[in-house]
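For reference, structure.cif is printed below; it contains mmCIF, C-alpha atoms; chains and numbers go by the auth columns.
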data_query
loop_
_atom_site.group_PDB
_atom_site.id
_atom_site.type_symbol
_atom_site.label_atom_id
_atom_site.label_comp_id
_atom_site.label_asym_id
_atom_site.label_seq_id
_atom_site.Cartn_x
_atom_site.Cartn_y
_atom_site.Cartn_z
_atom_site.B_iso_or_equiv
_atom_site.auth_seq_id
_atom_site.auth_asym_id
ATOM 1 C CA MET A 1 -19.620 32.273 -24.351 0.00 235 E
ATOM 2 C CA ALA A 2 -17.881 28.952 -24.988 0.00 236 E
ATOM 3 C CA ALA A 3 -16.423 26.943 -22.179 0.00 237 E
ATOM 4 C CA GLN A 4 -12.720 27.322 -21.910 0.00 238 E
ATOM 5 C CA SER A 5 -10.266 24.747 -20.685 0.00 239 E
ATOM 6 C CA GLN A 6 -8.892 25.424 -17.253 0.00 240 E
ATOM 7 C CA ASN A 7 -5.610 23.763 -18.241 0.00 241 E
ATOM 8 C CA ASN A 8 -3.706 26.007 -20.608 0.00 242 E
ATOM 9 C CA ASP A 9 -0.430 24.072 -20.547 0.00 243 E
ATOM 10 C CA ASP A 10 1.205 24.274 -23.933 0.00 244 E
ATOM 11 C CA GLU A 11 4.001 21.892 -22.990 0.00 245 E
ATOM 12 C CA PRO A 12 4.348 18.670 -25.020 0.00 246 E
ATOM 13 C CA ILE A 13 3.553 15.313 -23.412 0.00 247 E
ATOM 14 C CA THR A 14 6.900 13.735 -22.624 0.00 248 E
ATOM 15 C CA GLY A 15 5.882 10.691 -20.564 0.00 249 E
ATOM 16 C CA ILE A 16 4.163 7.535 -21.756 0.00 250 E
ATOM 17 C CA ASN A 17 2.232 5.339 -19.374 0.00 251 E
ATOM 18 C CA VAL A 18 3.387 1.759 -20.119 0.00 252 E
ATOM 19 C CA THR A 19 1.223 0.041 -17.511 0.00 253 E
ATOM 20 C CA PRO A 20 -1.611 -0.781 -19.978 0.00 254 E
ATOM 21 C CA LEU A 21 0.932 -2.172 -22.447 0.00 255 E
ATOM 22 C CA VAL A 22 2.436 -4.460 -19.800 0.00 256 E
ATOM 23 C CA ASP A 23 -1.056 -5.599 -18.752 0.00 257 E
ATOM 24 C CA ILE A 24 -1.985 -6.504 -22.319 0.00 258 E
ATOM 25 C CA CYS A 25 1.290 -8.380 -22.855 0.00 259 E
ATOM 26 C CA LEU A 26 0.787 -10.406 -19.674 0.00 260 E
ATOM 27 C CA VAL A 27 -2.796 -11.285 -20.628 0.00 261 E
ATOM 28 C CA LEU A 28 -1.630 -12.435 -24.082 0.00 262 E
ATOM 29 C CA LEU A 29 1.133 -14.501 -22.499 0.00 263 E
ATOM 30 C CA ILE A 30 -1.347 -16.213 -20.188 0.00 264 E
ATOM 31 C CA ILE A 31 -3.717 -16.908 -23.097 0.00 265 E
ATOM 32 C CA PHE A 32 -0.907 -18.521 -25.125 0.00 266 E
ATOM 33 C CA MET A 33 0.257 -20.560 -22.132 0.00 267 E
ATOM 34 C CA VAL A 34 -3.237 -21.918 -21.533 0.00 268 E
ATOM 35 C CA THR A 35 -4.167 -22.650 -25.158 0.00 269 E
ATOM 36 C CA THR A 36 -0.873 -24.139 -26.396 0.00 270 E
ATOM 37 C CA PRO A 37 -1.324 -27.554 -24.727 0.00 271 E
ATOM 38 C CA MET A 38 -4.810 -27.796 -26.256 0.00 272 E
ATOM 39 C CA ILE A 39 -3.509 -26.993 -29.736 0.00 273 E
ATOM 40 C CA MET A 40 -0.553 -29.376 -29.618 0.00 274 E
ATOM 41 C CA LYS A 41 -1.306 -32.710 -31.202 0.00 275 E
ATOM 42 C CA PRO A 42 -0.540 -35.641 -28.946 0.00 276 E
ATOM 43 C CA SER A 43 2.103 -37.895 -30.432 0.00 277 E
ATOM 44 C CA ILE A 44 3.030 -41.517 -30.060 0.00 278 E
ATOM 45 C CA ASN A 45 6.577 -42.039 -28.847 0.00 279 E
ATOM 46 C CA VAL A 46 8.238 -44.537 -31.185 0.00 280 E
ATOM 47 C CA ASN A 47 11.951 -45.245 -31.405 0.00 281 E
ATOM 48 C CA LEU A 48 12.353 -46.112 -35.098 0.00 282 E
ATOM 49 C CA PRO A 49 15.126 -48.443 -36.242 0.00 283 E
ATOM 50 C CA LYS A 50 18.100 -46.839 -38.004 0.00 284 E
ATOM 51 C CA ALA A 51 19.156 -47.746 -41.537 0.00 285 E
ATOM 52 C CA ALA A 52 21.696 -46.277 -43.949 0.00 286 E
ATOM 53 C CA SER A 53 19.638 -46.932 -47.054 0.00 287 E
ATOM 54 C CA GLY A 54 16.075 -45.910 -47.604 0.00 288 E
ATOM 55 C CA ASP A 55 13.994 -43.820 -49.955 0.00 289 E
ATOM 56 C CA GLN A 56 11.856 -40.849 -49.105 0.00 290 E
ATOM 57 C CA SER A 57 8.190 -41.731 -49.065 0.00 291 E
ATOM 58 C CA THR A 58 5.228 -39.420 -48.866 0.00 292 E
ATOM 59 C CA PRO A 59 2.844 -40.051 -45.990 0.00 293 E
ATOM 60 C CA GLY A 60 -0.078 -42.186 -47.081 0.00 294 E
ATOM 61 C CA GLU A 61 -3.742 -42.017 -46.237 0.00 295 E
ATOM 62 C CA LEU A 62 -3.247 -44.814 -43.722 0.00 296 E
ATOM 63 C CA SER A 63 -0.600 -44.149 -41.095 0.00 297 E
ATOM 64 C CA ILE A 64 -0.040 -47.135 -38.805 0.00 298 E
ATOM 65 C CA THR A 65 2.132 -46.899 -35.706 0.00 299 E
ATOM 66 C CA ILE A 66 3.092 -49.862 -33.543 0.00 300 E
ATOM 67 C CA SER A 67 4.402 -49.027 -30.079 0.00 301 E
ATOM 68 C CA LYS A 68 7.049 -50.876 -28.096 0.00 302 E
ATOM 69 C CA ALA A 69 4.292 -52.664 -26.184 0.00 303 E
ATOM 70 C CA GLY A 70 2.637 -53.818 -29.426 0.00 304 E
ATOM 71 C CA GLU A 71 -0.242 -51.309 -29.341 0.00 305 E
ATOM 72 C CA ILE A 72 -1.519 -50.413 -32.812 0.00 306 E
ATOM 73 C CA TYR A 73 -2.435 -46.850 -33.757 0.00 307 E
ATOM 74 C CA ALA A 74 -4.119 -45.969 -37.050 0.00 308 E
ATOM 75 C CA ASN A 75 -3.956 -42.284 -38.022 0.00 309 E
ATOM 76 C CA GLY A 76 -3.108 -41.377 -34.419 0.00 310 E
ATOM 77 C CA LYS A 77 -5.967 -43.302 -32.792 0.00 311 E
ATOM 78 C CA ARG A 78 -5.452 -46.531 -30.866 0.00 312 E
ATOM 79 C CA VAL A 79 -7.227 -49.414 -32.595 0.00 313 E
ATOM 80 C CA LEU A 80 -7.565 -53.158 -32.311 0.00 314 E
ATOM 81 C CA GLU A 81 -6.625 -55.438 -35.197 0.00 315 E
ATOM 82 C CA ILE A 82 -10.285 -55.837 -36.256 0.00 316 E
ATOM 83 C CA GLU A 83 -10.737 -52.040 -36.272 0.00 317 E
ATOM 84 C CA LEU A 84 -7.589 -51.676 -38.382 0.00 318 E
ATOM 85 C CA LYS A 85 -9.013 -54.178 -40.849 0.00 319 E
ATOM 86 C CA GLU A 86 -12.322 -52.253 -41.048 0.00 320 E
ATOM 87 C CA LEU A 87 -10.519 -48.910 -41.505 0.00 321 E
ATOM 88 C CA ALA A 88 -8.304 -50.294 -44.266 0.00 322 E
ATOM 89 C CA THR A 89 -11.325 -51.890 -45.970 0.00 323 E
ATOM 90 C CA ASN A 90 -13.199 -48.561 -45.933 0.00 324 E
ATOM 91 C CA LEU A 91 -10.176 -46.728 -47.337 0.00 325 E
ATOM 92 C CA ILE A 92 -9.762 -49.307 -50.121 0.00 326 E
ATOM 93 C CA ALA A 93 -13.445 -48.925 -51.028 0.00 327 E
ATOM 94 C CA SER A 94 -13.083 -45.155 -51.418 0.00 328 E
ATOM 95 C CA LYS A 95 -9.607 -45.149 -52.986 0.00 329 E
ATOM 96 C CA PRO A 96 -8.183 -48.403 -54.377 0.00 330 E
ATOM 97 C CA GLU A 97 -4.568 -47.105 -54.530 0.00 331 E
ATOM 98 C CA VAL A 98 -4.210 -46.477 -50.797 0.00 332 E
ATOM 99 C CA GLN A 99 -0.663 -46.446 -49.446 0.00 333 E
ATOM 100 C CA ALA A 100 -0.020 -47.446 -45.846 0.00 334 E
ATOM 101 C CA MET A 101 2.897 -46.042 -43.851 0.00 335 E
ATOM 102 C CA ILE A 102 3.989 -48.364 -41.055 0.00 336 E
ATOM 103 C CA SER A 103 6.095 -47.012 -38.186 0.00 337 E
ATOM 104 C CA ALA A 104 7.148 -49.609 -35.625 0.00 338 E
ATOM 105 C CA ASP A 105 9.348 -49.223 -32.581 0.00 339 E
ATOM 106 C CA LYS A 106 12.651 -51.052 -32.987 0.00 340 E
ATOM 107 C CA GLU A 107 11.833 -53.197 -29.954 0.00 341 E
ATOM 108 C CA THR A 108 8.405 -54.234 -31.264 0.00 342 E
ATOM 109 C CA PRO A 109 8.200 -57.996 -31.784 0.00 343 E
ATOM 110 C CA HIS A 110 8.681 -58.910 -35.446 0.00 344 E
ATOM 111 C CA GLY A 111 5.514 -61.010 -35.384 0.00 345 E
ATOM 112 C CA THR A 112 3.392 -57.975 -34.517 0.00 346 E
ATOM 113 C CA VAL A 113 4.709 -56.019 -37.499 0.00 347 E
ATOM 114 C CA ILE A 114 4.158 -58.991 -39.815 0.00 348 E
ATOM 115 C CA GLY A 115 0.634 -59.387 -38.423 0.00 349 E
ATOM 116 C CA VAL A 116 -0.184 -55.746 -39.246 0.00 350 E
ATOM 117 C CA ILE A 117 1.267 -56.097 -42.752 0.00 351 E
ATOM 118 C CA ASP A 118 -0.801 -59.265 -43.223 0.00 352 E
ATOM 119 C CA ILE A 119 -3.981 -57.461 -42.150 0.00 353 E
ATOM 120 C CA ILE A 120 -3.553 -54.538 -44.542 0.00 354 E
ATOM 121 C CA LYS A 121 -2.443 -56.718 -47.455 0.00 355 E
ATOM 122 C CA GLY A 122 -5.381 -59.048 -46.766 0.00 356 E
ATOM 123 C CA VAL A 123 -7.909 -56.269 -47.383 0.00 357 E
ATOM 124 C CA GLY A 124 -6.230 -55.165 -50.612 0.00 358 E
ATOM 125 C CA VAL A 125 -3.631 -52.531 -49.727 0.00 359 E
ATOM 126 C CA LYS A 126 -0.924 -53.114 -52.328 0.00 360 E
ATOM 127 C CA LYS A 127 1.470 -50.294 -51.409 0.00 361 E
ATOM 128 C CA PHE A 128 3.036 -49.856 -48.014 0.00 362 E
ATOM 129 C CA ALA A 129 6.208 -48.349 -46.640 0.00 363 E
ATOM 130 C CA ILE A 130 8.096 -48.927 -43.402 0.00 364 E
ATOM 131 C CA SER A 131 9.451 -45.852 -41.588 0.00 365 E
ATOM 132 C CA ILE A 132 13.083 -45.677 -40.499 0.00 366 E
ATOM 133 C CA ASP A 133 15.490 -43.123 -39.119 0.00 367 E
ATOM 134 C CA LYS A 134 18.541 -42.386 -41.279 0.00 368 E
ATOM 135 C CA LYS A 135 21.940 -43.293 -39.821 0.00 369 E
#

Encoded form using structure tokens:
Amino acid sequence: MAAQSQNNDDEPITGINVTPLVDICLVLLIIFMVTTPMIMKPSINVNLPKAASGDQSTPGELSITISKAGEIYANGKRVLEIELKELATNLIASKPEVQAMISADKETPHGTVIGVIDIIKGVGVKKFAISIDKK
């Protein structure tokens, strides 16, 4: 004789237990909250000068950012002038038509920007662009 179920209710199930769904949603929310700061790329805060005229330029292989305090960043990493020169030299060796994109804060001393341009032109970078914000 086969075992028979003691529960012979033929009524349909009308209630859904949502507790597991809420638990899963909360766990996913916590995972996203914890991992988002790790995924976000840190940025350098630069207040670019505004200009009415300017052409669109594609980002180059060498992205140089100069902060308000005169700190130089190459491709998102803080570097000294000698390190910038070495990086630009290595890029020129691998690709002679390297384009540099220079982004300088509007309060950066003019001499610092000219110094950076002099460094990259000195190693052979022939193309460079200066970033602006449109008016």

Contacts of range 327-332 of chain E within 9 Å, all atoms listed in the file, excl. fewer than 4 positions in-chain, as a ChimeraX atom specification: /E:294-296,322-323,358-362

Preceding selection exported with C-alpha atoms as a PDB file, in the frame of the given file:
ATOM      1  CA  GLY E 294      -0.078 -42.186 -47.081  1.00  0.00           C
ATOM      2  CA  GLU E 295      -3.742 -42.017 -46.237  1.00  0.00           C
ATOM      3  CA  LEU E 296      -3.247 -44.814 -43.722  1.00  0.00           C
ATOM      4  CA  ALA E 322      -8.304 -50.294 -44.266  1.00  0.00           C
ATOM      5  CA  THR E 323     -11.325 -51.890 -45.970  1.00  0.00           C
ATOM      6  CA  GLY E 358      -6.230 -55.165 -50.612  1.00  0.00           C
ATOM      7  CA  VAL E 359      -3.631 -52.531 -49.727  1.00  0.00           C
ATOM      8  CA  LYS E 360      -0.924 -53.114 -52.328  1.00  0.00           C
ATOM      9  CA  LYS E 361       1.470 -50.294 -51.409  1.00  0.00           C
ATOM     10  CA  PHE E 362       3.036 -49.856 -48.014  1.00  0.00           C
TER      11      PHE E 362
END

Reference answer for the PyMOL selection byres ((chain E and resi 341) around 12), as a ChimeraX atom specification: /E:280-283,300-304,337-340,342-347

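When CA of Ile273 in chain E is paired with CA of Val313 in chain E, their separation reads 22.9 Å.
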
Reference answer for the PyMOL selection byres ((chain E and resi 368) around 6), as a PyMOL selection string: chain E and resi 284-286+367+369

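The coordinates place CA of Thr253 in chain E at 22.8 Å from CA of Val268 in chain E.
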
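Residue nearest Ser297 in chain E within the list E:Asn309, E:Leu321, E:Glu315, E:Ser365: E:Asn309 [criterion: smallest interatomic distance, all atoms listed in the file].
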
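Taking CA of Ile298 in chain E and CA of Ala334 in chain E as endpoints, the distance between them is 7.0 Å.
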
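Counting all atoms listed in the file and comparing E:Ile264, E:Ile364, E:Leu255, E:Met272, the residue that lies closest to Val350 in chain E is E:Ile364.
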